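Presented below is the structure to which this report refers.
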Amino acid sequence: MMDQLSLGLTNLEGLSFRRDGNGEDTPATEEITNPQSTSPRLVHQSSRTSIYRFQDKGIKVRLGGNLGDPQPQQWQVDRLSNEQTISRYLPLSCKRREVLNIGPFDGHPVALYFKWANGITLKEWMRKVQGGTPGVASFTVTQRNYNETSHIQQNHSRSSSHNESAIDSNLLYFGNIGHTTNSALYTSTIKTPTPRATDDLNVRLRAAMAIAKTLSDFHDAGVVINNLTTENVVLDTFEGDYVATFIDLSEAAIFRNDAPDNQGGQKSVDDMAAFEKQIKQEDLRSLGTVLNQLFRGFQDDSASQSVVRDNTDVFACDRTDTPSKTEGEDVRRKRSKPTNASEGLPIYLGSLISTLLLTDSPASAVNYESAKDVYLDLKTMLENKSRCFRKTDLDECMVESRLKLNTDLFYGRRVQISMLMHLLNSVFMRGNQPSIATISGHPGTGKSTLASQIKKPIQDRDGFFIEGKFHKSSCPDTVLSKALNSFFGSIIVKGSFSGNMLMPLRWRIHDAIGSGNNLLMDVIPNLRKLMAEETSTVQTSSNGCTLRSGRSHAIPTSSHRLKFMFCKLIGAIACKAHPLILFLDDLQWADEITLDVIRMILTDPDVTHFLLLGAYRDNEVSLSHPLTEKLNYLKEHGKDVVPINIGPLEKECVNTLVSEALCLPPNLCRPLSNAIHTKTGGIIMFLLRFLKSLNDEGLLWFSLSSQRWEFDLKKIRVKEISADVVQHMTLNMTRLDKNIQMGLKTAACVGSNFDAEILQKTKKDDDFDMKTLLEKCVEDGYLIRIDGSQQFAWAHDQVHQAAYELIPIEKRELFHLLLGSRLLMKSSSSELANMLFCVVDNMNRGVNLLESDDQKHELAFLNLRAGESALSYSAFHTASRYLITGLSLLEHDSWEKNYSLRMRLYDAASEALYVTGDFSRLISLVQKPLKLAICFDDKLNLYNNLVRSLAASGQMDEGIATCLRVLAQLGEVIPSTISLESYHTETVRIKTMMQGMSDDQLLSLPVITDTCKMVRGTACDMSLS
């Protein structure tokens, strides 16, 4: 680092310079042979000034009108006196050339004596690091460029042989030295910095920071320079960093708050603040010129000022229809495009410089108000180069002034991240029992994004991360199975497991759930593939007896068994070598079965090295909410539920977000970010959408002239927005093209995630263009493409809701019905099986608009199919909803009409209600079919579920009585009272039948084939259970 920081600061004391007719410093004939000489030596001479050095002191002499005239003019004397006054006024902390006194010297009546400032001027420093060649500094090194650079350096060395010994080739500028042509106004020559270019950029940034720091110290002391140039800044190194000293204070001025005004009174606070702001502007503009020269490589002020003038002209007319130009300017513009102040620089750095150059410009919305802000922004660049300099080229979005934002941005939350990492370490280090943490907060605060921050750390340590999300309008009872299915699918497709990791996982799962576990593998198909089990996919009942042929039935007892299997599967996946985090989002919409599985997992002593991370909206979870009850249960049973609350972003985090999004230095963004924070309350999703809407409405735009984002702060501050983020997004969506709006409405009805093929089937020919719609929605952050496939998901459920709000309330039922009907008509049988739930959900929303019986019967049959399909996936709550809707469509028909369809709906609905524990509704539901069914066989399934419901709800006596009545109707009369004598008689009879038979003989007896006896056995089993 010291080698880099000592660029051009060695072996210079043997050189002296004289200003030529063009104002350039050229080597003088006199040289200092020894700084400790006993007589002063001339080291600099121009037409107005001579500088001598004597040991560690310097002498500044002002010359008269003619060269060699020792008598200075009065204004020259005044400037020397002013420099002495300013030097003595400034505190020691301000790096300036310290004036000793004023007196005569060598025949000159007035001379300024000062302490010699170590180092070299910034101008000479730039000449050394640039190799003496002016031009735009580029931060890319190629072999060709490096060879060209070496050639230029060699030429310069030959032309300046006296300086050859002072140049260390290892300390030269690393970039592409030379002229950069402006072949296109909007094209930057910068590319991603290479390591050597980055080293050079570090050095220049440190030099820039030193200059801004010294200027800030001067302003804090109440002094403005009024003459800040590359010649008046001396660079030196101190403790491994640069120090900038200002050496010519002849034009400086003091602006203290207690300074009297022209009338001898005291200025008011407001007047003094306005005066300070105005008087600092010249220094800030000069600082911009110096930094522009420093980073772009200009050797003189004229070239830099030309850039400033050109840039100001273009900027002033950037958003004006009729710019004012003289004829000469028009000719010049036609011949050569103006050089942009930020062209050839990283956008972040170019924005800072162009803002300084345009200080107090009427066209500039935001300016720097202090040099300290500039220093802090330069420091931010140095400390965060990868973030600040990630944008080096103007992309298509910038040229078209379109703001592109990521939807998964993460800022702040240090406390919450610390808590998550502590939990993660606990799972790895101890993990002797399962853990749980909840992330709560309002919608859009970034709960999911916070949870995703732990994903990479656990995967880097060979852990597992499984995630699922509940949706308000989707099937909550399939979330866990889908999450596990996706996890096993990623293992199969991506091959992320090596053989020595995959086999132990299979063994653990096999030991936990056994082989051929159809119940679990039916709801997690990828688990079957992983285990390479070729078992039958035919649904069977738990007791091996089919109660009614031709029907697909869920197993009433399978819910309890399935929950147990889920628990054991989670325990098998998690182990010491591969801990598991299960993240479930939007738990406020979770179903009872999933919450029960969570309870069972967290209280199972066999589950170790496991962390459940659940996120929910605290404004939607009351004290009586099922989630609250489950969490309280866990606390009562000794589980430590770690609460992590997440609120709005703080102002500083919002400012960082806006700074990175716009590639603008933080202090330039602060007025805008403060306004955004006030409008959105710091809700990250809200502020991202608001930022995007500002761009859409033309209040935030990318200026091609200054090559930075600009904004109309006044209009933004007075802009009225809805306090509800959904309403705000819906309003913004109404400004989109009509076809895009139609596409958003349709996609909102398709679901929380969908396949592009399904969306294609829902549209008319002229509704919208699929490709345009999806590209626009992904670009605007409404949709997310899943792994580059044709699968899409809404960026957030509130974005989904906002799109749905585009549909007028009075037209929603019709919209859903038409969409579902269109899908039904355009789909083949195999396609319908894959989109059955989408079709039925939409048609059910418009069920009140159905008029003909045939339409209702067809929809009732579709609800039966959807219900039975949900039962096969153990989605019992979802199944009950479909089945009861199907029954409601037939309630006005005669009992005999569609009898078979009606009975299948009753059978399946009773099973779903039993599993979900809705016993009162089940008991009420089965009364009608038990009375009106044509034959007794049609009642058996209903009786089966009725008896179990009565027993489960505590009505044991009534359940037994019902079961005995069923047996009596089957011909198996069981007496209501049994005497001891009859019991012994029956026991002896059975023993006599089995006397002399071995176990093998008993097992080899013929299997029962009498259907009637089988049904009786099932009924007896019901009574005994």
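A note on labels: chains of the structure tokens are A, B, ... as shown, every chain counts residues from 1, and ligands are counted from 1 in their shown order.
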Close residues, range 88-90 of chain A itself excluded, 12 Å, only C-alpha atoms, min 6 positions apart in chain, as a PyMOL selection string: chain A and resi 81-82+96-101+114+214+217-225+246+249+252-256
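For range 367-480 of chain A, backbone-based DSSP assignment of strand (DSSP E) covers Ser435, Ile436, Ala437, Thr438, Ile439, Ser440, Gly441, Phe464, Phe465, Ile466, Glu467, Gly468 and Lys469 of chain A.
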Exercise: range 679-685 of chain A partners within 7 Å, only C-alpha atoms, chain neighbours under 2 positions left out, as a PyMOL selection string: chain A and resi 444-446+648-650+675-677+687-689
Spatial neighbours of Arg708 in chain A, max dist 9 Å, only C-alpha atoms, sep filter under 2 positions, as an MDAnalysis selection string: chainID A and resid 342 347:348 350:351 354 398 662:664 701:706 710
Go ahead and save the picked residues with all heavy atoms, as a compact mmCIF listing (two decimals), in the first residue's frame.
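See part.txt below for the written result:
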# COMPACT_ATOMS: atom_id res chain seq x y z
N SER A 342 -18.98 13.11 -16.85
CA SER A 342 -18.93 11.80 -16.21
C SER A 342 -18.63 10.68 -17.19
O SER A 342 -18.53 9.54 -16.80
CB SER A 342 -20.26 11.52 -15.49
OG SER A 342 -21.33 11.54 -16.41
N ILE A 347 -20.33 5.12 -13.21
CA ILE A 347 -21.52 5.98 -13.10
C ILE A 347 -21.62 6.60 -11.71
O ILE A 347 -21.97 7.78 -11.57
CB ILE A 347 -22.78 5.16 -13.43
CG1 ILE A 347 -22.73 4.74 -14.90
CG2 ILE A 347 -24.04 5.95 -13.14
CD1 ILE A 347 -23.82 3.80 -15.30
N TYR A 348 -21.30 5.84 -10.69
CA TYR A 348 -21.37 6.34 -9.31
C TYR A 348 -20.41 7.52 -9.13
O TYR A 348 -20.79 8.58 -8.63
CB TYR A 348 -21.01 5.19 -8.38
CG TYR A 348 -21.27 5.42 -6.91
CD1 TYR A 348 -22.37 4.84 -6.29
CD2 TYR A 348 -20.41 6.17 -6.13
CE1 TYR A 348 -22.60 5.02 -4.94
CE2 TYR A 348 -20.64 6.37 -4.79
CZ TYR A 348 -21.73 5.78 -4.19
OH TYR A 348 -21.96 5.97 -2.86
N GLY A 350 -18.92 9.27 -11.57
CA GLY A 350 -19.27 10.33 -12.51
C GLY A 350 -20.40 11.20 -12.01
O GLY A 350 -20.43 12.41 -12.25
N SER A 351 -21.36 10.58 -11.28
CA SER A 351 -22.47 11.35 -10.72
C SER A 351 -21.98 12.35 -9.70
O SER A 351 -22.45 13.50 -9.64
CB SER A 351 -23.49 10.40 -10.08
OG SER A 351 -24.03 9.53 -11.04
N SER A 354 -20.04 15.20 -11.70
CA SER A 354 -20.92 16.06 -12.49
C SER A 354 -21.79 16.94 -11.59
O SER A 354 -22.09 18.08 -11.93
CB SER A 354 -21.81 15.21 -13.41
OG SER A 354 -22.70 14.41 -12.66
N MET A 398 -31.00 2.39 -18.86
CA MET A 398 -30.61 3.76 -18.57
C MET A 398 -30.81 4.66 -19.78
O MET A 398 -31.31 5.78 -19.65
CB MET A 398 -29.14 3.79 -18.13
CG MET A 398 -28.91 3.23 -16.74
SD MET A 398 -27.17 3.34 -16.27
CE MET A 398 -27.27 2.82 -14.55
N LEU A 662 -29.93 3.66 -7.80
CA LEU A 662 -29.73 4.73 -8.77
C LEU A 662 -28.25 4.97 -9.09
O LEU A 662 -27.94 5.84 -9.92
CB LEU A 662 -30.34 6.04 -8.25
CG LEU A 662 -31.82 6.02 -7.89
CD1 LEU A 662 -32.27 7.39 -7.43
CD2 LEU A 662 -32.65 5.55 -9.07
N CYS A 663 -27.35 4.21 -8.44
CA CYS A 663 -25.90 4.42 -8.64
C CYS A 663 -25.53 5.87 -8.36
O CYS A 663 -24.76 6.49 -9.09
CB CYS A 663 -25.48 4.04 -10.06
SG CYS A 663 -25.45 2.27 -10.33
N LEU A 664 -26.09 6.41 -7.30
CA LEU A 664 -25.79 7.78 -6.88
C LEU A 664 -25.14 7.76 -5.51
O LEU A 664 -25.48 6.91 -4.67
CB LEU A 664 -27.08 8.62 -6.80
CG LEU A 664 -27.68 9.13 -8.11
CD1 LEU A 664 -28.99 9.84 -7.83
CD2 LEU A 664 -26.72 10.06 -8.82
N TRP A 701 -35.80 10.32 -13.63
CA TRP A 701 -35.36 10.00 -14.98
C TRP A 701 -33.84 9.94 -15.03
O TRP A 701 -33.15 10.50 -14.18
CB TRP A 701 -35.89 11.04 -15.97
CG TRP A 701 -35.27 12.40 -15.80
CD1 TRP A 701 -34.18 12.91 -16.43
CD2 TRP A 701 -35.72 13.43 -14.89
NE1 TRP A 701 -33.91 14.18 -16.00
CE2 TRP A 701 -34.84 14.52 -15.05
CE3 TRP A 701 -36.77 13.52 -13.97
CZ2 TRP A 701 -34.99 15.69 -14.31
CZ3 TRP A 701 -36.91 14.68 -13.24
CH2 TRP A 701 -36.03 15.75 -13.42
N PHE A 702 -33.34 9.26 -16.06
CA PHE A 702 -31.90 9.20 -16.26
C PHE A 702 -31.50 10.25 -17.29
O PHE A 702 -31.99 10.25 -18.42
CB PHE A 702 -31.46 7.82 -16.75
CG PHE A 702 -29.97 7.64 -16.78
CD1 PHE A 702 -29.28 7.33 -15.62
CD2 PHE A 702 -29.27 7.80 -17.97
CE1 PHE A 702 -27.91 7.18 -15.64
CE2 PHE A 702 -27.90 7.65 -18.00
CZ PHE A 702 -27.20 7.33 -16.82
N SER A 703 -30.63 11.16 -16.89
CA SER A 703 -30.17 12.24 -17.77
C SER A 703 -29.00 11.74 -18.60
O SER A 703 -27.96 11.36 -18.06
CB SER A 703 -29.75 13.45 -16.92
OG SER A 703 -29.11 14.40 -17.74
N LEU A 704 -29.16 11.77 -19.90
CA LEU A 704 -28.08 11.33 -20.79
C LEU A 704 -26.94 12.34 -20.83
O LEU A 704 -25.82 12.00 -21.18
CB LEU A 704 -28.64 11.10 -22.20
CG LEU A 704 -29.59 9.92 -22.34
CD1 LEU A 704 -30.18 9.89 -23.73
CD2 LEU A 704 -28.89 8.61 -22.03
N SER A 705 -27.23 13.59 -20.50
CA SER A 705 -26.17 14.60 -20.54
C SER A 705 -25.24 14.47 -19.34
O SER A 705 -24.02 14.43 -19.48
CB SER A 705 -26.78 16.00 -20.59
OG SER A 705 -27.63 16.20 -19.48
N SER A 706 -25.82 14.38 -18.14
CA SER A 706 -24.98 14.24 -16.95
C SER A 706 -24.69 12.78 -16.63
O SER A 706 -23.88 12.49 -15.76
CB SER A 706 -25.69 14.88 -15.75
OG SER A 706 -26.88 14.20 -15.46
N GLU A 710 -31.73 11.76 -12.26
CA GLU A 710 -32.21 13.04 -11.75
C GLU A 710 -33.65 12.87 -11.28
O GLU A 710 -34.34 11.93 -11.68
CB GLU A 710 -32.13 14.12 -12.84
CG GLU A 710 -30.74 14.38 -13.37
CD GLU A 710 -29.89 15.18 -12.41
OE1 GLU A 710 -30.48 15.76 -11.45
OE2 GLU A 710 -28.67 15.24 -12.58
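Between CA of Val799 in chain A and CA of Val839 in chain A lies a distance of 22.2 Å.
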Residue neighbourhood Arg506 in chain A, 10 Å, only C-alpha atoms, exclusion window fewer than 6 positions, as an NGL selection string: :A and (512 or 527 or 530-532 or 572-573)
Ile581 in chain A environment, 9 Å, only C-alpha atoms, sequence neighbours closer than 2 positions dropped, as a PyMOL selection string: chain A and resi 424+427+455+458+463-467+574+579+583+609-613
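CA of Pro434 in chain A is found 8.2 Å from CA of Pro605 in chain A.
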Those in range 387-520 of chain A with alpha helix (DSSP H) from DSSP, as a ChimeraX atom specification: /A:387-388,396-399,414-429,447-452,455-460,479-494,499-513,518-520
